[in-house]
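Enquirer: Provided herewith: protein-v7.cif, mmCIF, C-alpha atoms.
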data_final
#
loop_
_atom_site.label_atom_id
_atom_site.label_comp_id
_atom_site.auth_asym_id
_atom_site.auth_seq_id
_atom_site.Cartn_x
_atom_site.Cartn_y
_atom_site.Cartn_z
CA MET H 194 -41.83 2.98 29.56
CA LEU H 195 -45.22 2.28 31.15
CA GLU H 196 -46.42 0.39 28.07
CA LYS H 197 -43.32 -1.81 28.19
CA GLU H 198 -44.02 -2.60 31.88
CA VAL H 199 -47.64 -3.50 31.15
CA LEU H 200 -46.52 -5.87 28.42
CA ASN H 201 -44.49 -7.77 31.01
CA PHE H 202 -47.52 -8.25 33.26
CA GLU H 203 -49.17 -11.68 33.38
CA LYS H 204 -52.43 -11.81 31.43
CA THR H 205 -55.06 -12.57 34.06
CA ALA H 206 -58.80 -13.23 34.26
CA ILE H 207 -60.80 -12.90 37.49
CA VAL H 208 -63.97 -14.70 38.59
CA GLY H 209 -66.68 -13.87 41.14
CA ILE H 210 -70.29 -14.77 41.87
CA VAL H 211 -73.48 -12.91 42.82
CA THR H 212 -75.25 -14.67 45.71
CA GLN H 213 -78.03 -13.93 48.18
CA ASN H 214 -75.44 -12.36 50.47
CA GLN H 215 -73.47 -10.56 47.74
CA SER H 216 -75.25 -8.22 45.32
CA GLU H 217 -74.02 -7.26 41.84
CA GLU H 218 -72.84 -3.89 43.15
CA LYS H 219 -70.94 -5.54 46.00
CA LEU H 220 -69.36 -8.04 43.59
CA ARG H 221 -68.25 -5.18 41.34
CA GLU H 222 -66.52 -3.53 44.35
CA TYR H 223 -64.80 -6.81 45.30
CA LEU H 224 -63.65 -7.41 41.72
CA ASP H 225 -62.30 -3.83 41.53
CA GLU H 226 -60.27 -4.57 44.64
CA LEU H 227 -59.21 -7.97 43.28
CA GLU H 228 -58.02 -6.24 40.10
CA PHE H 229 -55.93 -3.80 42.17
CA LEU H 230 -54.50 -6.76 44.12
CA THR H 231 -53.65 -8.45 40.82
CA PHE H 232 -51.93 -5.30 39.56
CA THR H 233 -49.95 -5.09 42.82
CA ALA H 234 -48.83 -8.72 42.35
CA GLY H 235 -47.71 -8.05 38.75
CA GLY H 236 -50.75 -9.08 36.71
CA GLN H 237 -52.96 -7.34 34.17
CA VAL H 238 -56.67 -8.21 34.30
CA VAL H 239 -58.03 -8.55 30.77
CA LYS H 240 -61.38 -10.21 31.54
CA ARG H 241 -63.92 -10.50 34.36
CA PHE H 242 -66.34 -13.41 34.72
CA SER H 243 -69.38 -13.42 37.00
CA GLN H 244 -72.41 -15.63 37.57
CA LYS H 245 -75.59 -15.44 39.66
CA MET H 246 -75.91 -18.42 42.01
CA GLU H 247 -77.61 -19.16 45.32
CA ARG H 248 -74.30 -20.45 46.69
CA PRO H 249 -70.92 -21.45 45.25
CA ASN H 250 -70.82 -24.77 43.39
CA PRO H 251 -69.08 -27.21 45.80
CA LYS H 252 -67.26 -28.86 42.87
CA THR H 253 -66.07 -26.01 40.65
CA PHE H 254 -67.18 -22.81 42.48
CA VAL H 255 -69.13 -21.65 39.37
CA GLY H 256 -71.56 -23.71 37.25
CA THR H 257 -70.53 -26.27 34.63
CA GLY H 258 -71.51 -24.02 31.70
CA LYS H 259 -69.61 -21.04 33.12
CA ILE H 260 -66.46 -23.10 33.76
CA GLU H 261 -66.54 -24.25 30.11
CA GLU H 262 -66.97 -20.62 28.97
CA ILE H 263 -63.97 -19.59 31.08
CA HIS H 264 -61.96 -22.55 29.74
CA GLN H 265 -62.67 -21.54 26.14
CA TYR H 266 -61.65 -17.91 26.80
CA VAL H 267 -58.43 -18.99 28.57
CA LYS H 268 -57.42 -21.18 25.59
CA GLU H 269 -58.23 -18.59 22.93
CA ASN H 270 -56.56 -15.63 24.70
CA GLU H 271 -53.52 -17.32 26.25
CA ILE H 272 -54.46 -16.35 29.81
CA SER H 273 -51.67 -17.33 32.19
CA THR H 274 -53.51 -16.92 35.54
CA LEU H 275 -57.13 -17.34 36.63
CA ILE H 276 -58.03 -15.83 40.01
CA PHE H 277 -61.22 -16.47 41.99
CA ASP H 278 -62.52 -13.78 44.34
CA ASP H 279 -63.25 -16.16 47.23
CA GLU H 280 -61.08 -18.81 48.86
CA LEU H 281 -61.36 -22.12 47.00
CA THR H 282 -61.53 -25.40 48.88
CA PRO H 283 -58.78 -27.93 48.01
CA SER H 284 -61.30 -30.07 46.11
CA GLN H 285 -62.62 -27.08 44.12
CA GLN H 286 -59.08 -26.09 43.16
CA LYS H 287 -58.31 -29.67 42.10
CA ASN H 288 -61.51 -30.00 40.02
CA ILE H 289 -61.01 -26.63 38.29
CA SER H 290 -57.38 -27.53 37.49
CA LYS H 291 -58.58 -30.75 35.80
CA VAL H 292 -60.84 -28.74 33.45
CA ILE H 293 -58.60 -25.70 32.91
CA VAL H 294 -55.09 -27.07 32.51
CA GLU H 295 -53.69 -24.19 30.46
CA CYS H 296 -53.13 -21.70 33.33
CA LYS H 297 -52.51 -21.30 37.05
CA ILE H 298 -55.60 -21.42 39.28
CA LEU H 299 -55.43 -19.06 42.26
CA ASP H 300 -57.88 -17.64 44.77
CA ARG H 301 -57.98 -14.35 46.68
CA THR H 302 -56.12 -15.80 49.68
CA HIS H 303 -53.29 -17.21 47.52
CA LEU H 304 -52.97 -13.85 45.74
CA ILE H 305 -52.71 -11.90 49.01
CA LEU H 306 -50.11 -14.36 50.31
CA ASP H 307 -48.14 -13.88 47.09
CA ILE H 308 -48.17 -10.09 47.52
CA PHE H 309 -47.04 -10.47 51.12
CA ALA H 310 -44.19 -12.73 49.94
CA GLN H 311 -43.10 -10.03 47.44
CA ARG H 312 -43.28 -7.27 50.04
CA ALA H 313 -41.55 -9.06 52.93
CA GLU H 314 -38.19 -7.37 53.46
CA THR H 315 -37.01 -8.43 56.91
CA SER H 316 -36.27 -11.94 58.15
CA TYR H 317 -39.21 -11.74 60.55
CA ALA H 318 -41.71 -10.70 57.85
CA ARG H 319 -40.45 -13.47 55.55
CA THR H 320 -40.85 -16.02 58.36
CA GLN H 321 -44.42 -14.89 59.04
CA VAL H 322 -45.35 -15.03 55.34
CA GLU H 323 -43.75 -18.46 54.86
CA LEU H 324 -45.71 -19.84 57.82
CA ALA H 325 -48.98 -18.51 56.36
CA GLN H 326 -48.10 -19.98 52.94
CA CYS H 327 -47.29 -23.41 54.41
CA GLN H 328 -50.55 -23.46 56.37
CA TYR H 329 -52.44 -22.60 53.19
CA LEU H 330 -50.46 -25.09 51.10
CA LEU H 331 -50.72 -28.19 53.32
CA PRO H 332 -54.32 -29.28 52.49
CA ARG H 333 -53.79 -28.42 48.80
CA LEU H 334 -50.67 -30.48 48.06
CA SER H 335 -52.48 -33.30 46.25
CA GLY H 336 -54.39 -30.85 44.09
CA MET H 337 -51.36 -28.81 43.11
CA TRP H 338 -48.85 -31.55 42.24
CA THR H 339 -50.44 -34.73 40.96
CA HIS H 340 -47.01 -36.15 40.01
CA LEU H 341 -46.29 -36.45 43.73
CA GLU H 342 -48.86 -39.25 44.01
CA ARG H 343 -46.36 -41.62 42.36
CA GLN H 344 -44.35 -43.80 44.71
CA LYS H 345 -40.63 -43.50 45.17
CA GLY H 346 -38.40 -46.21 43.73
CA GLY H 347 -34.86 -47.39 44.36
CA ILE H 348 -33.09 -49.31 47.07
CA GLY H 349 -35.17 -49.67 50.22
CA MET H 350 -38.17 -48.07 48.52
CA ARG H 351 -39.75 -51.07 46.78
CA GLY H 352 -43.15 -52.34 47.85
CA PRO H 353 -46.00 -50.18 49.13
CA GLY H 354 -43.56 -47.71 50.74
CA GLU H 355 -44.49 -44.08 51.27
CA THR H 356 -45.90 -41.99 48.42
CA GLU H 357 -44.19 -38.73 47.50
CA ILE H 358 -47.30 -36.79 48.47
CA GLU H 359 -47.13 -38.16 52.03
CA THR H 360 -43.42 -37.35 52.21
CA ASP H 361 -44.14 -33.79 51.09
CA ARG H 362 -46.96 -33.42 53.60
CA ARG H 363 -44.61 -34.51 56.35
CA ILE H 364 -41.95 -32.06 55.16
CA VAL H 365 -44.49 -29.19 55.15
CA ARG H 366 -45.77 -30.13 58.64
CA ASP H 367 -42.19 -30.22 59.95
CA ARG H 368 -41.54 -26.84 58.30
CA ILE H 369 -44.66 -25.37 59.93
CA ALA H 370 -43.51 -26.61 63.35
CA LEU H 371 -40.04 -25.14 62.77
CA LEU H 372 -41.43 -21.77 61.66
CA LYS H 373 -43.79 -21.62 64.66
CA ASP H 374 -40.84 -22.20 67.00
CA LYS H 375 -38.85 -19.50 65.18
CA ILE H 376 -41.74 -17.03 65.45
CA LYS H 377 -42.13 -17.82 69.17
CA ALA H 378 -38.48 -16.91 69.68
CA ILE H 379 -38.88 -13.67 67.70
CA ASP H 380 -42.14 -12.91 69.56
CA LYS H 381 -40.23 -13.16 72.84
CA GLN H 382 -37.47 -10.92 71.48
CA MET H 383 -39.97 -8.32 70.19
CA GLY H 384 -41.84 -8.46 73.53
CA THR H 385 -38.55 -7.63 75.26
CA GLN H 386 -37.96 -4.76 72.81
CA ARG H 387 -41.42 -3.39 73.55
CA GLY H 388 -40.70 -3.67 77.27
CA ASN H 389 -37.39 -1.84 76.86
CA ARG H 390 -39.13 1.14 75.28
CA GLY H 391 -40.07 2.28 78.77
CA ALA H 392 -43.44 3.56 79.83
CA MET H 393 -43.97 6.09 77.04
CA VAL H 394 -47.47 6.34 75.59
CA ARG H 395 -47.87 4.20 72.47
CA VAL H 396 -49.94 5.31 69.48
CA ALA H 397 -50.62 2.90 66.59
CA LEU H 398 -51.79 3.76 63.08
CA VAL H 399 -54.41 1.28 61.87
CA GLY H 400 -56.62 1.20 58.81
CA TYR H 401 -57.44 -0.43 55.52
CA THR H 402 -54.58 -1.05 53.13
CA ASN H 403 -53.52 1.90 50.93
CA VAL H 404 -55.29 4.63 52.95
CA GLY H 405 -52.13 6.68 53.57
CA LYS H 406 -50.91 5.42 56.97
CA SER H 407 -47.23 5.48 55.96
CA THR H 408 -47.58 8.98 54.44
CA LEU H 409 -49.13 10.15 57.70
CA MET H 410 -46.34 8.42 59.66
CA ASN H 411 -43.74 10.30 57.62
CA ALA H 412 -45.56 13.60 58.15
CA ILE H 413 -46.02 13.23 61.93
CA GLY H 414 -42.77 11.47 62.75
CA LYS H 415 -40.61 13.23 60.16
CA SER H 416 -39.36 9.77 59.19
CA ASP H 417 -38.78 8.08 55.84
CA VAL H 418 -41.16 5.09 55.72
CA PHE H 419 -41.63 3.45 52.29
CA VAL H 420 -44.74 4.78 50.51
CA GLU H 421 -46.31 3.48 47.28
CA ASN H 422 -49.76 3.56 45.71
CA LYS H 423 -50.14 -0.21 45.91
CA LEU H 424 -51.80 -2.54 48.38
CA PHE H 425 -49.73 -3.77 51.35
CA ALA H 426 -46.77 -1.47 50.67
CA THR H 427 -45.93 -1.78 54.40
CA LEU H 428 -45.56 -5.19 56.07
CA ASP H 429 -43.01 -4.60 58.81
CA THR H 430 -44.06 -2.52 61.77
CA THR H 431 -42.13 0.75 62.00
CA VAL H 432 -41.88 2.46 65.41
CA ARG H 433 -40.67 6.04 65.78
CA LYS H 434 -40.28 8.32 68.78
CA VAL H 435 -42.27 11.52 68.18
CA VAL H 436 -42.15 14.72 70.23
CA ILE H 437 -44.99 17.25 70.00
CA LYS H 438 -44.25 20.38 72.03
CA ASN H 439 -42.56 18.93 75.14
CA LEU H 440 -44.30 15.54 75.07
CA PRO H 441 -42.60 12.39 73.68
CA PHE H 442 -44.53 9.28 72.63
CA LEU H 443 -44.09 6.26 70.36
CA LEU H 444 -45.86 6.09 66.98
CA SER H 445 -46.08 2.77 65.08
CA ASP H 446 -47.13 2.09 61.49
CA THR H 447 -48.72 -1.35 61.07
CA VAL H 448 -49.75 -3.65 58.21
CA GLY H 449 -52.97 -2.64 56.46
CA PHE H 450 -56.18 -4.65 56.80
CA ILE H 451 -58.39 -5.85 53.96
CA ARG H 452 -61.78 -7.46 53.42
CA LYS H 453 -61.66 -11.27 53.46
CA LEU H 454 -58.26 -11.13 55.21
CA PRO H 455 -56.86 -14.69 55.22
CA THR H 456 -56.99 -16.23 58.71
CA GLN H 457 -53.47 -17.64 58.16
CA LEU H 458 -52.14 -14.07 58.01
CA VAL H 459 -53.87 -13.00 61.23
CA ASP H 460 -52.31 -16.00 62.99
CA SER H 461 -48.80 -15.66 61.56
CA PHE H 462 -48.67 -11.84 61.93
CA LYS H 463 -49.44 -12.07 65.64
CA SER H 464 -46.35 -10.10 66.74
CA THR H 465 -46.93 -7.36 64.19
CA LEU H 466 -50.50 -7.04 65.46
CA ASP H 467 -49.25 -7.03 69.07
CA GLU H 468 -48.21 -3.42 68.40
CA VAL H 469 -51.91 -2.69 67.97
CA ARG H 470 -52.94 -4.77 71.00
CA GLU H 471 -50.45 -3.01 73.28
CA ALA H 472 -51.10 0.52 72.02
CA ASP H 473 -52.66 3.12 74.33
CA LEU H 474 -54.33 4.99 71.46
CA LEU H 475 -55.31 4.03 67.91
CA LEU H 476 -55.35 6.44 64.98
CA HIS H 477 -57.83 4.81 62.60
CA VAL H 478 -56.87 6.23 59.18
CA VAL H 479 -59.62 6.23 56.53
CA ASP H 480 -59.39 7.07 52.81
CA ILE H 481 -62.50 9.25 52.52
CA SER H 482 -61.97 9.59 48.75
CA HIS H 483 -62.73 5.86 48.30
CA PRO H 484 -66.43 5.31 47.47
CA GLU H 485 -66.65 2.35 49.88
CA PHE H 486 -64.77 3.86 52.82
CA GLU H 487 -67.58 2.99 55.26
CA ASP H 488 -67.18 -0.70 54.34
CA HIS H 489 -63.44 -0.33 54.94
CA ILE H 490 -64.15 1.10 58.42
CA ALA H 491 -66.39 -1.90 59.19
CA SER H 492 -63.69 -4.34 57.98
CA VAL H 493 -61.01 -2.71 60.16
CA ASN H 494 -63.33 -2.67 63.19
CA GLN H 495 -64.08 -6.36 62.65
CA THR H 496 -60.35 -7.17 62.47
CA LEU H 497 -59.75 -5.16 65.65
CA MET H 498 -62.43 -7.26 67.33
CA ASP H 499 -60.80 -10.46 66.02
CA ILE H 500 -57.44 -9.51 67.54
CA LYS H 501 -59.11 -8.28 70.77
CA ALA H 502 -58.11 -4.64 70.35
CA SER H 503 -61.54 -3.03 69.89
CA ASP H 504 -61.72 -1.60 73.43
CA LYS H 505 -58.97 1.00 72.92
CA PRO H 506 -59.54 4.76 72.54
CA VAL H 507 -59.70 5.67 68.85
CA ILE H 508 -59.35 8.88 66.86
CA MET H 509 -60.85 8.59 63.37
CA VAL H 510 -58.57 10.35 60.87
CA PHE H 511 -60.32 10.84 57.51
CA ASN H 512 -57.44 11.25 55.06
CA LYS H 513 -57.23 12.36 51.40
CA ILE H 514 -59.83 15.14 51.64
CA ASP H 515 -57.95 16.78 48.74
CA ALA H 516 -58.99 13.86 46.49
CA TYR H 517 -62.63 13.67 47.65
CA THR H 518 -65.36 14.28 45.06
CA HIS H 519 -69.08 13.70 45.44
CA LEU H 520 -71.80 12.88 42.93
CA THR H 521 -74.21 15.69 42.07
CA ILE H 522 -77.90 15.76 41.16
CA ASP H 523 -79.23 18.35 38.70
CA ASP H 524 -81.98 20.63 39.99
CA ASP H 525 -84.43 19.38 37.35
CA ASP H 526 -83.58 15.68 38.02
CA LEU H 527 -86.58 14.28 39.89
CA MET H 528 -85.71 10.59 39.39
CA THR H 529 -82.28 10.19 40.96
CA GLU H 530 -82.32 9.36 44.68
CA LYS H 531 -79.67 10.79 46.96
CA THR H 532 -77.16 8.18 48.17
CA PRO H 533 -74.16 8.46 50.54
CA ARG H 534 -71.97 9.05 47.48
CA HIS H 535 -73.83 12.37 46.95
CA ASN H 536 -72.75 13.65 50.40
CA THR H 537 -70.50 16.68 50.44
CA LEU H 538 -67.41 16.73 52.66
CA GLU H 539 -69.28 18.98 55.13
CA GLU H 540 -72.16 16.50 55.31
CA TRP H 541 -69.72 13.65 56.02
CA LYS H 542 -68.09 15.77 58.74
CA SER H 543 -71.39 16.37 60.53
CA THR H 544 -72.36 12.69 60.09
CA TRP H 545 -69.17 11.24 61.58
CA MET H 546 -68.72 13.90 64.24
CA SER H 547 -72.19 13.04 65.53
CA ARG H 548 -71.38 9.30 65.38
CA VAL H 549 -68.02 9.23 67.16
CA GLY H 550 -67.95 12.68 68.80
CA GLU H 551 -66.34 15.89 67.62
CA GLU H 552 -63.16 15.12 69.56
CA ASN H 553 -62.74 11.75 67.82
CA ALA H 554 -63.05 12.73 64.15
CA LEU H 555 -60.53 14.68 62.06
CA PHE H 556 -60.50 15.46 58.33
CA ILE H 557 -57.04 15.96 56.84
CA SER H 558 -54.80 15.56 53.82
CA ALA H 559 -51.50 13.90 54.81
CA THR H 560 -49.95 14.72 51.42
CA ASN H 561 -50.83 18.43 51.44
CA LYS H 562 -50.70 18.68 55.27
CA GLU H 563 -54.17 20.23 55.25
CA ASN H 564 -55.62 20.58 58.80
CA PHE H 565 -52.37 19.06 60.00
CA GLU H 566 -51.88 21.41 62.96
CA GLU H 567 -55.34 20.45 64.20
CA LEU H 568 -54.27 16.78 64.08
CA ARG H 569 -51.04 17.50 65.99
CA GLU H 570 -52.94 19.48 68.63
CA ARG H 571 -55.58 16.76 69.05
CA LEU H 572 -52.88 14.11 69.24
CA TYR H 573 -50.97 16.13 71.83
CA GLU H 574 -54.03 16.68 74.04
CA THR H 575 -55.12 13.02 73.88
CA VAL H 576 -51.63 11.64 74.56
CA ARG H 577 -51.22 14.22 77.35
CA GLN H 578 -54.37 12.98 79.11
CA ILE H 579 -53.12 9.38 78.94
CA HIS H 580 -49.71 10.55 80.16
CA ILE H 581 -51.16 12.47 83.13
CA THR H 582 -53.13 9.39 84.18
CA ARG H 583 -49.96 7.31 84.13
CA PHE H 584 -47.50 9.90 85.51
CA PRO H 585 -49.33 12.61 87.53
CA TYR H 586 -46.13 14.65 88.10
CA ASN H 587 -44.12 13.87 85.02
CA LYS H 588 -41.24 16.21 84.17
CA PHE H 589 -42.22 16.31 80.45
CA LEU H 590 -45.60 17.85 81.28
CA TYR H 591 -44.51 19.92 84.26
CA PRO H 592 -40.89 20.99 83.60
CA ASP H 593 -40.99 23.53 86.45
CA TYR H 594 -42.26 21.00 89.00
CA LYS H 595 -38.87 19.40 89.67
CA ASP H 596 -37.18 22.81 90.07
CA ALA H 597 -39.89 23.94 92.47
CA VAL H 598 -39.51 20.81 94.60
CA GLU H 599 -35.69 21.16 94.70
CA LYS H 600 -36.00 24.85 95.67
CA GLU H 601 -38.41 23.98 98.49
CA VAL H 602 -36.04 21.30 99.79
CA ASP H 603 -33.10 23.76 99.72
CA GLU H 604 -35.13 26.35 101.67
CA ASP H 605 -36.04 23.72 104.29
CA ASN H 606 -32.35 22.79 104.64
CA GLU H 607 -31.39 26.47 105.14
CA ASP H 608 -34.04 26.87 107.87
CA GLU H 609 -32.59 23.87 109.69
#
Starting from the coordinates I provided, produce the structure as structure tokens.
Expert:
Amino acid sequence: MLEKEVLNFEKTAIVGIVTQNQSEEKLREYLDELEFLTFTAGGQVVKRFSQKMERPNPKTFVGTGKIEEIHQYVKENEISTLIFDDELTPSQQKNISKVIVECKILDRTHLILDIFAQRAETSYARTQVELAQCQYLLPRLSGMWTHLERQKGGIGMRGPGETEIETDRRIVRDRIALLKDKIKAIDKQMGTQRGNRGAMVRVALVGYTNVGKSTLMNAIGKSDVFVENKLFATLDTTVRKVVIKNLPFLLSDTVGFIRKLPTQLVDSFKSTLDEVREADLLLHVVDISHPEFEDHIASVNQTLMDIKASDKPVIMVFNKIDAYTHLTIDDDDLMTEKTPRHNTLEEWKSTWMSRVGEENALFISATNKENFEELRERLYETVRQIHITRFPYNKFLYPDYKDAVEKEVDEDNEDE
């Protein structure tokens, strides 16, 4: 069954470059992630191309010789899609398409937008994705459809007239304006919904894509949020009311972040990210089993800064401890240097507990519910402190307080 599915995947090649700012090791990590993105979108990577350059070629991203090598491989192996790891400029995309005419030319941004389009389930998510796609598409129209440069004919269309490409640009601009108005209306509606939730404490799950946020949401909230081992399985924000002991609060699962996140998505997913901006507490979920989890943490922190949500209290939740393995060094090996990938789980615990404080770092397995009671207790205590600040005499925290007050009032009435 699996073999049959793989056969239906598009044959794909991916391309990246080694620069002064991007080492070979870093490129390998990015291409691994790009391959996973391609798999998520329905492609099968059969070849990787890389080249060392000071900076990307402004005409064709890679050098002339490398583009010819790629072209030859595409022709001989019937590659249907060629994906570049960085965002291509409209002129680069146009120039590459002139040389390699046998397959589709995509970049990382276009691929992510395509995955988002596949994953969008609700009307709001589809609107956000379409807006991001239109904003990406507008400067690239001439490079993607050269037949549109021909002029229209027919009655009233003779003479210089308006070229099809200009007509299409106008249509896309009008569509962007329409989608922005639609999103403004939905933003207002969602703002009202958030306001109607009352003054309960809000906790938001944030983190890199595919770190287990939805699994954790299901475990804490006893809900049934869609979970899959693919990137961006969750696009729509899910909000659930959770009660731990006697304390209710709201828990929201948000879209995952990623390195080189397209700016169009940050803009169009404003309302989804508003759940993060308006949260009282962030649970930053990290996949500790991923070899580059510290880079993922940095990417998420950067995105939080971009959306102006970096000043909120954060609990770091290191997930998937059941899948964590570390590299080992033999006792007689005097050549190998110890790297972070040689750290044991205990070493990572002491490292991160000293960085963010013992109260702000937890190590769990959401799937196996390992250390799960510790998470619930920490969550309860943190939410409780926020709750006390907001409602000093709240009935959820002090159930006997109201009875005591009523009894005192009754006694005073009897004395009178």
Enquirer: Please evaluate the PyMOL selection byres ((chain H and resi 271) around 12) against the displayed coordinates and give the resulting residues as a PyMOL selection string.
Expert: chain H and resi 203-206+239-240+263-270+272-275+293-297
Enquirer: Do you know which residues the PyMOL selection byres ((chain H and resi 231) around 12) returns on this file, as an mmCIF file with C-alpha atoms, in the frame of the given file?
Expert:
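Result written to selection.cif:
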data_model
loop_
_atom_site.group_PDB
_atom_site.id
_atom_site.type_symbol
_atom_site.label_atom_id
_atom_site.label_comp_id
_atom_site.auth_asym_id
_atom_site.auth_seq_id
_atom_site.Cartn_x
_atom_site.Cartn_y
_atom_site.Cartn_z
ATOM 1 C CA PHE H 202 -47.520 -8.250 33.260
ATOM 2 C CA GLU H 203 -49.170 -11.680 33.380
ATOM 3 C CA LYS H 204 -52.430 -11.810 31.430
ATOM 4 C CA THR H 205 -55.060 -12.570 34.060
ATOM 5 C CA ALA H 206 -58.800 -13.230 34.260
ATOM 6 C CA ILE H 207 -60.800 -12.900 37.490
ATOM 7 C CA LEU H 224 -63.650 -7.410 41.720
ATOM 8 C CA ASP H 225 -62.300 -3.830 41.530
ATOM 9 C CA GLU H 226 -60.270 -4.570 44.640
ATOM 10 C CA LEU H 227 -59.210 -7.970 43.280
ATOM 11 C CA GLU H 228 -58.020 -6.240 40.100
ATOM 12 C CA PHE H 229 -55.930 -3.800 42.170
ATOM 13 C CA LEU H 230 -54.500 -6.760 44.120
ATOM 14 C CA PHE H 232 -51.930 -5.300 39.560
ATOM 15 C CA THR H 233 -49.950 -5.090 42.820
ATOM 16 C CA ALA H 234 -48.830 -8.720 42.350
ATOM 17 C CA GLY H 235 -47.710 -8.050 38.750
ATOM 18 C CA GLY H 236 -50.750 -9.080 36.710
ATOM 19 C CA GLN H 237 -52.960 -7.340 34.170
ATOM 20 C CA VAL H 238 -56.670 -8.210 34.300
ATOM 21 C CA VAL H 239 -58.030 -8.550 30.770
ATOM 22 C CA THR H 274 -53.510 -16.920 35.540
ATOM 23 C CA LEU H 275 -57.130 -17.340 36.630
ATOM 24 C CA ILE H 276 -58.030 -15.830 40.010
ATOM 25 C CA PHE H 277 -61.220 -16.470 41.990
ATOM 26 C CA ASP H 278 -62.520 -13.780 44.340
ATOM 27 C CA LEU H 299 -55.430 -19.060 42.260
ATOM 28 C CA ASP H 300 -57.880 -17.640 44.770
ATOM 29 C CA ARG H 301 -57.980 -14.350 46.680
ATOM 30 C CA THR H 302 -56.120 -15.800 49.680
ATOM 31 C CA HIS H 303 -53.290 -17.210 47.520
ATOM 32 C CA LEU H 304 -52.970 -13.850 45.740
ATOM 33 C CA ILE H 305 -52.710 -11.900 49.010
ATOM 34 C CA LEU H 306 -50.110 -14.360 50.310
ATOM 35 C CA ASP H 307 -48.140 -13.880 47.090
ATOM 36 C CA ILE H 308 -48.170 -10.090 47.520
ATOM 37 C CA LYS H 423 -50.140 -0.210 45.910
ATOM 38 C CA LEU H 424 -51.800 -2.540 48.380
#
Enquirer: Please list as a list in words every residue within 7 Å of H:Ala559, counting only C-alpha atoms and excluding residues in the same chain fewer than 3 positions away.
Expert: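 Here the answer would be Thr408, Leu409, Ala412, Asn512, Lys513, Lys562 and Glu563 of chain H.
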Enquirer: Expressed in Å to a single decimal, how great is the separation between atom CA of H:Ile289 and atom CA of H:Glu323?
Expert: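 Atom CA of H:Glu323 lies at a distance of 25.3 Å from atom CA of H:Ile289.
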Enquirer: For H:Leu520, list every protein, DNA or RNA residue within 10 Å, evaluated using only C-alpha atoms, and leave out those in the same chain fewer than 4 positions away; present the list as a VMD selection string.
Expert: chain H and resid 531 to 537
Enquirer: For a quick check of understanding, using only C-alpha atoms, which of H:Ser216, H:Ser316, H:Ser558, H:Asn411 has the smallest distance to H:Asp480?
Expert: H:Ser558
Enquirer: Please rebuild stretch 542-551 of chain H with N, CA, C and O atoms and return the result as a PDB file, in the coordinates of the input.
Expert:
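File produced: rebuild-v8.pdb:
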ATOM      1  N   LYS H 542     -68.636  15.287  57.465  1.00  0.00           N
ATOM      2  CA  LYS H 542     -68.090  15.770  58.740  1.00  0.00           C
ATOM      3  C   LYS H 542     -69.158  15.756  59.819  1.00  0.00           C
ATOM      4  O   LYS H 542     -68.939  15.231  60.915  1.00  0.00           O
ATOM      5  N   SER H 543     -70.319  16.334  59.529  1.00  0.00           N
ATOM      6  CA  SER H 543     -71.390  16.370  60.530  1.00  0.00           C
ATOM      7  C   SER H 543     -71.875  14.966  60.872  1.00  0.00           C
ATOM      8  O   SER H 543     -72.191  14.677  62.024  1.00  0.00           O
ATOM      9  N   THR H 544     -71.902  14.073  59.861  1.00  0.00           N
ATOM     10  CA  THR H 544     -72.360  12.690  60.090  1.00  0.00           C
ATOM     11  C   THR H 544     -71.424  11.973  61.066  1.00  0.00           C
ATOM     12  O   THR H 544     -71.864  11.396  62.065  1.00  0.00           O
ATOM     13  N   TRP H 545     -70.120  12.005  60.768  1.00  0.00           N
ATOM     14  CA  TRP H 545     -69.170  11.240  61.580  1.00  0.00           C
ATOM     15  C   TRP H 545     -68.867  11.912  62.912  1.00  0.00           C
ATOM     16  O   TRP H 545     -68.587  11.239  63.913  1.00  0.00           O
ATOM     17  N   MET H 546     -68.939  13.231  62.962  1.00  0.00           N
ATOM     18  CA  MET H 546     -68.720  13.900  64.240  1.00  0.00           C
ATOM     19  C   MET H 546     -69.866  13.615  65.209  1.00  0.00           C
ATOM     20  O   MET H 546     -69.673  13.572  66.419  1.00  0.00           O
ATOM     21  N   SER H 547     -71.070  13.403  64.650  1.00  0.00           N
ATOM     22  CA  SER H 547     -72.190  13.040  65.530  1.00  0.00           C
ATOM     23  C   SER H 547     -72.125  11.565  65.921  1.00  0.00           C
ATOM     24  O   SER H 547     -72.595  11.178  66.978  1.00  0.00           O
ATOM     25  N   ARG H 548     -71.491  10.738  65.083  1.00  0.00           N
ATOM     26  CA  ARG H 548     -71.380   9.300  65.380  1.00  0.00           C
ATOM     27  C   ARG H 548     -70.325   9.008  66.452  1.00  0.00           C
ATOM     28  O   ARG H 548     -70.561   8.236  67.377  1.00  0.00           O
ATOM     29  N   VAL H 549     -69.133   9.579  66.266  1.00  0.00           N
ATOM     30  CA  VAL H 549     -68.020   9.230  67.160  1.00  0.00           C
ATOM     31  C   VAL H 549     -67.616  10.387  68.082  1.00  0.00           C
ATOM     32  O   VAL H 549     -66.709  10.230  68.897  1.00  0.00           O
ATOM     33  N   GLY H 550     -68.293  11.526  67.959  1.00  0.00           N
ATOM     34  CA  GLY H 550     -67.950  12.680  68.800  1.00  0.00           C
ATOM     35  C   GLY H 550     -66.988  13.597  68.089  1.00  0.00           C
ATOM     36  O   GLY H 550     -66.101  13.145  67.360  1.00  0.00           O
ATOM     37  N   GLU H 551     -67.158  14.888  68.320  1.00  0.00           N
ATOM     38  CA  GLU H 551     -66.340  15.890  67.620  1.00  0.00           C
ATOM     39  C   GLU H 551     -64.862  15.731  67.927  1.00  0.00           C
ATOM     40  O   GLU H 551     -64.000  15.999  67.094  1.00  0.00           O
TER      41      GLU H 551
END
